[in-house]
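The next block is my_file.txt, given as compact mmCIF, C-alpha atoms.
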```txt
# COMPACT_ATOMS: atom_id res chain seq x y z
CA MET A 6 -6.55 -11.93 10.48
CA SER A 7 -6.93 -13.85 13.74
CA THR A 8 -4.52 -13.24 16.60
CA PRO A 9 -1.45 -15.52 16.51
CA GLY A 10 -1.20 -18.36 18.99
CA ASP A 11 1.69 -16.81 20.96
CA ASN A 12 -0.68 -14.18 22.41
CA ARG A 13 1.05 -11.28 20.70
CA ALA A 14 -0.94 -8.82 18.60
CA PRO A 15 -0.81 -9.43 14.86
CA ALA A 16 1.75 -7.19 13.15
CA ALA A 17 1.41 -5.17 9.97
CA LEU A 18 3.96 -3.30 7.88
CA VAL A 19 2.58 -0.45 5.77
CA THR A 20 5.03 1.08 3.31
CA GLY A 21 4.69 4.71 2.31
CA SER A 22 2.72 5.39 5.48
CA GLY A 23 4.07 8.78 6.42
CA ARG A 24 0.99 10.46 4.96
CA GLY A 25 -2.09 10.01 2.78
CA ILE A 26 -3.49 6.58 1.98
CA GLY A 27 -0.66 4.71 3.70
CA LEU A 28 -1.13 6.57 6.96
CA ALA A 29 -4.89 5.97 6.78
CA CYS A 30 -4.25 2.24 6.26
CA ALA A 31 -1.91 2.15 9.26
CA GLU A 32 -4.56 3.82 11.43
CA ALA A 33 -7.32 1.50 10.24
CA LEU A 34 -5.23 -1.57 11.05
CA ALA A 35 -4.22 -0.15 14.43
CA LYS A 36 -7.89 0.40 15.22
CA ASP A 37 -8.38 -3.34 14.57
CA GLY A 38 -5.64 -4.19 17.07
CA PHE A 39 -2.59 -4.62 14.83
CA SER A 40 0.86 -3.60 15.91
CA ILE A 41 2.06 -1.29 13.16
CA ALA A 42 5.37 -0.64 11.42
CA LEU A 43 5.17 2.65 9.51
CA ASN A 44 7.60 3.41 6.71
CA CYS A 45 8.78 6.54 4.93
CA SER A 46 11.22 6.89 2.06
CA GLY A 47 14.05 8.77 3.76
CA GLU A 48 15.52 10.24 6.91
CA GLY A 49 14.06 13.64 6.03
CA SER A 50 10.51 12.48 6.74
CA LEU A 51 11.34 10.03 9.53
CA GLU A 52 10.63 12.44 12.40
CA ARG A 53 7.16 13.19 11.02
CA THR A 54 6.50 9.46 10.62
CA ARG A 55 7.67 8.81 14.18
CA ASN A 56 5.22 11.43 15.39
CA HIS A 57 2.41 9.67 13.51
CA ALA A 58 3.50 6.36 15.05
CA ALA A 59 3.44 7.85 18.56
CA ARG A 60 -0.03 9.32 18.00
CA ILE A 61 -1.37 6.00 16.70
CA ALA A 62 0.11 4.13 19.67
CA GLU A 63 -1.49 6.56 22.11
CA THR A 64 -4.86 6.58 20.34
CA TYR A 65 -5.30 2.84 19.81
CA GLY A 66 -3.09 1.32 22.50
CA VAL A 67 -0.98 -0.69 20.07
CA GLU A 68 2.75 -1.05 19.61
CA THR A 69 4.17 1.02 16.74
CA ARG A 70 7.53 1.57 15.06
CA ALA A 71 8.71 3.90 12.30
CA PHE A 72 11.41 3.06 9.76
CA ALA A 73 13.00 4.95 6.88
CA ALA A 74 13.70 2.76 3.85
CA ASP A 75 13.82 3.13 0.07
CA VAL A 76 11.82 0.10 -1.00
CA SER A 77 13.20 0.30 -4.57
CA ASP A 78 16.46 -0.97 -3.05
CA ALA A 79 16.14 -4.72 -2.49
CA ARG A 80 18.55 -4.72 0.44
CA ALA A 81 16.75 -1.84 2.15
CA ALA A 82 13.37 -3.54 1.61
CA GLY A 83 14.71 -6.75 3.11
CA GLN A 84 16.07 -4.88 6.09
CA LEU A 85 12.70 -3.14 6.54
CA VAL A 86 10.95 -6.50 6.80
CA ASP A 87 13.67 -7.85 9.13
CA ASP A 88 13.38 -4.78 11.36
CA THR A 89 9.60 -5.17 11.50
CA ILE A 90 9.92 -8.78 12.61
CA ALA A 91 12.64 -7.94 15.15
CA GLN A 92 10.64 -5.10 16.69
CA LEU A 93 7.07 -6.44 16.45
CA GLY A 94 7.65 -10.20 16.61
CA ALA A 95 6.45 -11.14 13.12
CA ILE A 96 4.96 -9.79 9.93
CA ASP A 97 1.38 -10.96 9.45
CA VAL A 98 0.18 -8.28 7.02
CA LEU A 99 2.11 -6.33 4.39
CA VAL A 100 0.49 -3.31 2.75
CA ASN A 101 2.58 -2.15 -0.22
CA ASN A 102 1.56 1.48 -0.54
CA ALA A 103 4.82 3.30 -1.31
CA GLY A 104 4.51 5.08 -4.62
CA ILE A 105 5.42 8.20 -6.59
CA THR A 106 4.31 10.00 -9.75
CA ARG A 107 6.37 11.84 -12.35
CA ASP A 108 3.79 12.70 -14.96
CA GLY A 109 4.38 13.80 -18.52
CA LEU A 110 3.50 12.94 -22.09
CA ILE A 111 5.68 10.15 -23.44
CA ALA A 112 7.32 12.42 -26.04
CA ARG A 113 8.77 14.45 -23.16
CA MET A 114 9.13 11.73 -20.52
CA SER A 115 12.73 11.07 -19.56
CA GLU A 116 14.13 7.60 -19.03
CA GLU A 117 14.97 8.66 -15.48
CA ASP A 118 11.34 9.56 -14.74
CA PHE A 119 10.12 6.25 -16.15
CA ASP A 120 12.69 4.24 -14.18
CA ALA A 121 12.05 6.13 -10.92
CA VAL A 122 8.30 5.49 -10.99
CA VAL A 123 8.63 1.83 -11.97
CA GLY A 124 11.44 1.43 -9.42
CA ILE A 125 9.34 2.56 -6.47
CA ASN A 126 5.86 1.49 -7.51
CA LEU A 127 6.54 -1.91 -9.07
CA LYS A 128 10.01 -3.03 -8.09
CA GLY A 129 9.47 -1.72 -4.56
CA THR A 130 6.32 -3.82 -4.29
CA PHE A 131 8.21 -6.84 -5.62
CA ASN A 132 11.09 -6.30 -3.19
CA CYS A 133 8.82 -6.11 -0.16
CA CYS A 134 6.69 -9.06 -1.30
CA LYS A 135 9.80 -11.19 -1.78
CA ALA A 136 11.20 -10.22 1.62
CA ALA A 137 7.91 -10.86 3.44
CA ALA A 138 6.98 -14.06 1.63
CA LYS A 139 9.64 -16.20 3.31
CA PRO A 140 8.64 -15.52 6.94
CA MET A 141 4.95 -15.69 6.00
CA MET A 142 5.51 -19.07 4.33
CA LYS A 143 7.36 -20.30 7.40
CA GLN A 144 4.50 -19.31 9.73
CA ARG A 145 1.97 -20.57 7.15
CA ARG A 146 -0.18 -17.46 7.21
CA GLY A 147 -0.14 -13.93 5.93
CA ARG A 148 -1.90 -11.19 4.01
CA ILE A 149 -0.31 -9.12 1.27
CA ILE A 150 -2.24 -6.08 0.05
CA ASN A 151 -0.76 -4.24 -2.93
CA MET A 152 -1.78 -0.73 -3.91
CA SER A 153 -2.45 -0.53 -7.64
CA SER A 154 -4.58 2.19 -9.26
CA ILE A 155 -7.54 2.58 -11.55
CA VAL A 156 -4.94 4.03 -13.94
CA GLY A 157 -3.30 0.60 -14.02
CA ILE A 158 -6.58 -0.79 -15.37
CA ALA A 159 -7.77 1.99 -17.69
CA GLY A 160 -4.59 3.95 -18.46
CA ASN A 161 -4.31 7.73 -18.43
CA ALA A 162 -2.73 10.21 -20.82
CA GLY A 163 0.42 11.70 -19.36
CA GLN A 164 0.95 8.82 -16.94
CA ALA A 165 2.48 6.07 -19.07
CA ASN A 166 5.10 5.33 -16.41
CA TYR A 167 2.60 5.32 -13.54
CA ALA A 168 0.04 3.25 -15.46
CA ALA A 169 2.69 0.71 -16.47
CA SER A 170 3.90 0.37 -12.89
CA LYS A 171 0.40 -0.07 -11.49
CA ALA A 172 -0.61 -2.55 -14.21
CA GLY A 173 2.53 -4.48 -13.29
CA VAL A 174 1.40 -4.55 -9.66
CA ILE A 175 -1.80 -6.26 -10.80
CA GLY A 176 0.13 -8.97 -12.66
CA LEU A 177 2.45 -9.42 -9.70
CA THR A 178 -0.52 -9.72 -7.33
CA LYS A 179 -2.26 -12.40 -9.36
CA SER A 180 0.94 -14.42 -9.83
CA LEU A 181 1.84 -14.32 -6.14
CA ALA A 182 -1.72 -15.24 -5.18
CA LYS A 183 -1.26 -18.47 -7.12
CA GLU A 184 2.20 -19.12 -5.68
CA LEU A 185 1.36 -18.51 -2.03
CA ALA A 186 -2.21 -19.75 -1.61
CA ARG A 187 -1.14 -23.21 -0.43
CA ARG A 188 0.68 -21.57 2.49
CA ASN A 189 -2.50 -19.76 3.60
CA ILE A 190 -1.21 -16.41 2.32
CA THR A 191 -3.66 -14.22 0.43
CA VAL A 192 -2.51 -11.58 -2.05
CA ASN A 193 -4.90 -8.91 -3.27
CA ALA A 194 -4.69 -5.47 -4.88
CA ILE A 195 -6.63 -2.27 -4.32
CA ALA A 196 -7.12 0.08 -7.27
CA PRO A 197 -7.99 3.57 -5.98
CA GLY A 198 -9.44 6.20 -8.26
CA PHE A 199 -9.13 9.91 -7.53
CA ILE A 200 -8.54 10.17 -3.78
CA ALA A 201 -8.18 13.45 -1.91
CA THR A 202 -4.54 13.45 -0.76
CA ASP A 203 -1.53 15.76 -0.90
CA MET A 204 -1.18 14.85 -4.58
CA THR A 205 -4.65 16.19 -5.43
CA ASP A 206 -4.30 19.34 -3.29
CA ALA A 207 -2.58 21.01 -6.24
CA LEU A 208 -5.69 20.68 -8.43
CA THR A 209 -7.66 23.83 -9.18
CA ASP A 210 -11.36 24.01 -8.38
CA ALA A 211 -12.10 23.71 -12.10
CA GLN A 212 -9.99 20.56 -12.35
CA ARG A 213 -11.69 19.06 -9.30
CA ASP A 214 -15.11 19.81 -10.77
CA GLU A 215 -14.15 18.23 -14.10
CA ILE A 216 -12.84 15.09 -12.42
CA SER A 217 -15.86 14.84 -10.13
CA SER A 218 -18.17 15.05 -13.14
CA ARG A 219 -16.65 11.80 -14.44
CA ILE A 220 -17.11 9.93 -11.15
CA GLY A 221 -20.41 8.13 -10.67
CA LEU A 222 -20.73 9.27 -7.06
CA GLY A 223 -19.84 12.82 -8.06
CA ARG A 224 -16.92 13.38 -5.67
CA LEU A 225 -13.33 12.49 -4.96
CA GLY A 226 -12.77 9.66 -2.51
CA GLU A 227 -11.11 9.91 0.89
CA ALA A 228 -8.04 8.04 2.10
CA ALA A 229 -10.31 6.38 4.68
CA ASP A 230 -12.32 4.80 1.85
CA VAL A 231 -9.22 2.93 0.69
CA ALA A 232 -8.07 2.14 4.22
CA ALA A 233 -11.41 0.53 5.06
CA LEU A 234 -10.88 -1.98 2.24
CA ALA A 235 -7.31 -2.67 3.34
CA ALA A 236 -8.55 -3.38 6.87
CA PHE A 237 -11.22 -5.72 5.50
CA LEU A 238 -8.68 -7.63 3.37
CA ALA A 239 -6.53 -8.05 6.48
CA SER A 240 -9.48 -9.32 8.56
CA PRO A 241 -10.77 -12.87 9.13
CA ALA A 242 -13.79 -12.01 6.96
CA ALA A 243 -11.51 -11.92 3.88
CA SER A 244 -9.80 -15.26 4.45
CA TYR A 245 -11.24 -16.76 1.24
CA ILE A 246 -10.39 -13.82 -1.03
CA THR A 247 -7.16 -13.88 -3.01
CA GLY A 248 -5.87 -12.77 -6.40
CA GLN A 249 -8.45 -10.00 -6.68
CA VAL A 250 -8.17 -6.39 -7.84
CA ILE A 251 -10.82 -4.25 -6.16
CA ALA A 252 -11.46 -0.71 -7.37
CA VAL A 253 -12.23 2.07 -4.91
CA ASP A 254 -13.12 4.72 -7.47
CA GLY A 255 -16.69 5.90 -6.87
CA GLY A 256 -17.75 4.46 -10.21
CA LEU A 257 -15.11 6.27 -12.30
CA ALA A 258 -14.29 3.23 -14.45
CA LEU A 259 -17.86 2.12 -15.10
```
Before anything else, please render the file you have as structure tokens.
Amino acid sequence: MSTPGDNRAPAALVTGSGRGIGLACAEALAKDGFSIALNCSGEGSLERTRNHAARIAETYGVETRAFAADVSDARAAGQLVDDTIAQLGAIDVLVNNAGITRDGLIARMSEEDFDAVVGINLKGTFNCCKAAAKPMMKQRRGRIINMSSIVGIAGNAGQANYAASKAGVIGLTKSLAKELARRNITVNAIAPGFIATDMTDALTDAQRDEISSRIGLGRLGEAADVAALAAFLASPAASYITGQVIAVDGGLAL
């Protein structure tokens, strides 16, 4: 995205950016000159997220902020967007990355586990999109990048709640792309496959080998692979791309 006319740096909010893919996205955008608002889910992880923000600011010479907010709460999501605008001057890019898993076969899956995953992954994305859409519409520009998953396209046994939430993100993305295009706001989704993060650290070597055998490129992806696409979708080169779901899965779904 081009620099705004008021000579400030463009500003990006990345939810769920205290670690993993979200943190990698925040770093990739900072490298491209964006001021960054990082977000974590609660006060318990806020200090760690502030430390990441300070390191990014020092490394890339950009302004950063860190906020704790539960995006499944509409009021908290709205306040997160308001705080980003107040601290960084605007919100030009929103990366909806906050997400959780609570896996289990449907016969054993509790209603609470289903609701929690859908609440963060889908409703949280909706809440942040709704909060950011109004200021983006007013400034007549913006980029929204939603994190879906290859599981939202292909499904996965033991992840009915996660797959449903990520499939919902795809429908939300396509609908908002149609609603917001006339205001020069693009809305796209990224569908990662198996990415090496804290969530995959618990896998055994045998499980990693089995998963890798199903991936065309023969390996798990890195958070930087996903972040590179997010940075592209936020760049001027992607100004004519909207309503798309782009897989970063090494050929897993082929």
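The smallest atom-to-atom distance between A:Leu28 and any of A:Val86, A:Ala103, A:Leu238, A:Ile155, using all atoms listed in the file, is found for A:Ala103.
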- request: Take the point (4.5, 3.3, 6.2) as written in the file and pick out every residue within 7 Å of it, counting all atoms listed in the file; give the list as a list in words.
  value: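 Here is the list of nearby residues: Leu18, Val19, Thr20, Gly21, Ser22, Gly23, Gly27, Leu28, Ala42, Leu43, Asn44 and Cys45 of chain A.
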Step by step: start from the point (-8.0, -2.5, 9.9) in the file's coordinates, keep every protein, DNA or RNA residue that has an atom no farther than 8 Å from it, count all atoms listed in the file, and write the set as a compact mmCIF listing (two decimals) with C-alpha atoms, keeping the file's coordinate frame.
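Result saved to selection_8.txt:
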```
# COMPACT_ATOMS: atom_id res chain seq x y z
CA CYS A 30 -4.25 2.24 6.26
CA ALA A 31 -1.91 2.15 9.26
CA GLU A 32 -4.56 3.82 11.43
CA ALA A 33 -7.32 1.50 10.24
CA LEU A 34 -5.23 -1.57 11.05
CA ALA A 35 -4.22 -0.15 14.43
CA LYS A 36 -7.89 0.40 15.22
CA ASP A 37 -8.38 -3.34 14.57
CA GLY A 38 -5.64 -4.19 17.07
CA PHE A 39 -2.59 -4.62 14.83
CA ALA A 232 -8.07 2.14 4.22
CA ALA A 233 -11.41 0.53 5.06
CA ALA A 235 -7.31 -2.67 3.34
CA ALA A 236 -8.55 -3.38 6.87
CA PHE A 237 -11.22 -5.72 5.50
CA ALA A 239 -6.53 -8.05 6.48
CA SER A 240 -9.48 -9.32 8.56
```
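A straight line drawn from atom CA of A:Asn161 to atom CA of A:Gly25 is 21.4 Å long.
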Set the distance at 6 Å and use only C-alpha atoms: which residues neighbour A:Ser170 once local chain neighbours fewer than 4 positions away are removed? I'd like the list as an mmCIF file with C-alpha atoms, in the coordinates of the input.
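Result written to around-v4.cif:
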```cif
data_model
loop_
_atom_site.group_PDB
_atom_site.id
_atom_site.type_symbol
_atom_site.label_atom_id
_atom_site.label_comp_id
_atom_site.auth_asym_id
_atom_site.auth_seq_id
_atom_site.Cartn_x
_atom_site.Cartn_y
_atom_site.Cartn_z
ATOM 1 C CA VAL A 123 8.630 1.830 -11.970
ATOM 2 C CA ASN A 126 5.860 1.490 -7.510
ATOM 3 C CA LEU A 127 6.540 -1.910 -9.070
#
```
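For the atom pair formed by atom CA of A:Ile251 and atom CA of A:Ile175, the distance is 10.3 Å, given to one decimal.
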query: Any idea what's packed within 8 Å of A:Gly157, counting only C-alpha atoms, ignoring anything in its chain fewer than 2 positions away? Could you give it as a PyMOL selection string?
result: chain A and resi 153-155+159-160+167-173+175+196
Minimum-distance residue to A:Ile125, chosen among A:Asp108, A:Asp75, A:Asp97, A:Asp254 (using all atoms listed in the file):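 Nearest to A:Ile125: A:Asp75.
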message: Env of A:Asp214: 10 Å cut, atoms = only C-alpha atoms, seq-sep filter 6 positions within chain, self excluded. Answer as a list in words.
response: Leu208, Gly223, Arg224 and Leu225 of chain A
message: Please report the interatomic distance between atom CA of A:Met114 and atom CA of A:Ala165 in Å with one decimal.
response: 8.9 Å
task: Would you mind listing what lies within 7 Å of A:Thr54 as a list in words, with all atoms listed in the file counted and same-chain residues fewer than 2 positions away left out?
output: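 Here the answer would be Gly23, Cys45, Ser50, Leu51, Glu52, Asn56, His57, Ala58 and Ala71 of chain A.
Proximity to A:Arg24 was assessed for A:Asn151, A:Gln92, A:Ser46, A:Ser115 counting all atoms listed in the file; the smallest distance is recorded for A:Ser46.
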field: Pick from A:Met6, A:Leu93, A:Ala194, A:Val156, whichever lies nearest to A:Leu181 using only C-alpha atoms
entry: A:Ala194
query: For A:Ile200, which of A:Ala138, A:Ala242, A:Glu48, A:Ala29 is the closest residue, counting only C-alpha atoms?
result: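 Looking at the shortest contact to A:Ile200, the residue is A:Ala29.
The residue that comes closest to A:Arg187, out of A:Ile90, A:Ile61, A:Ala17, A:Met142 and on the basis of all atoms listed in the file, is A:Met142.
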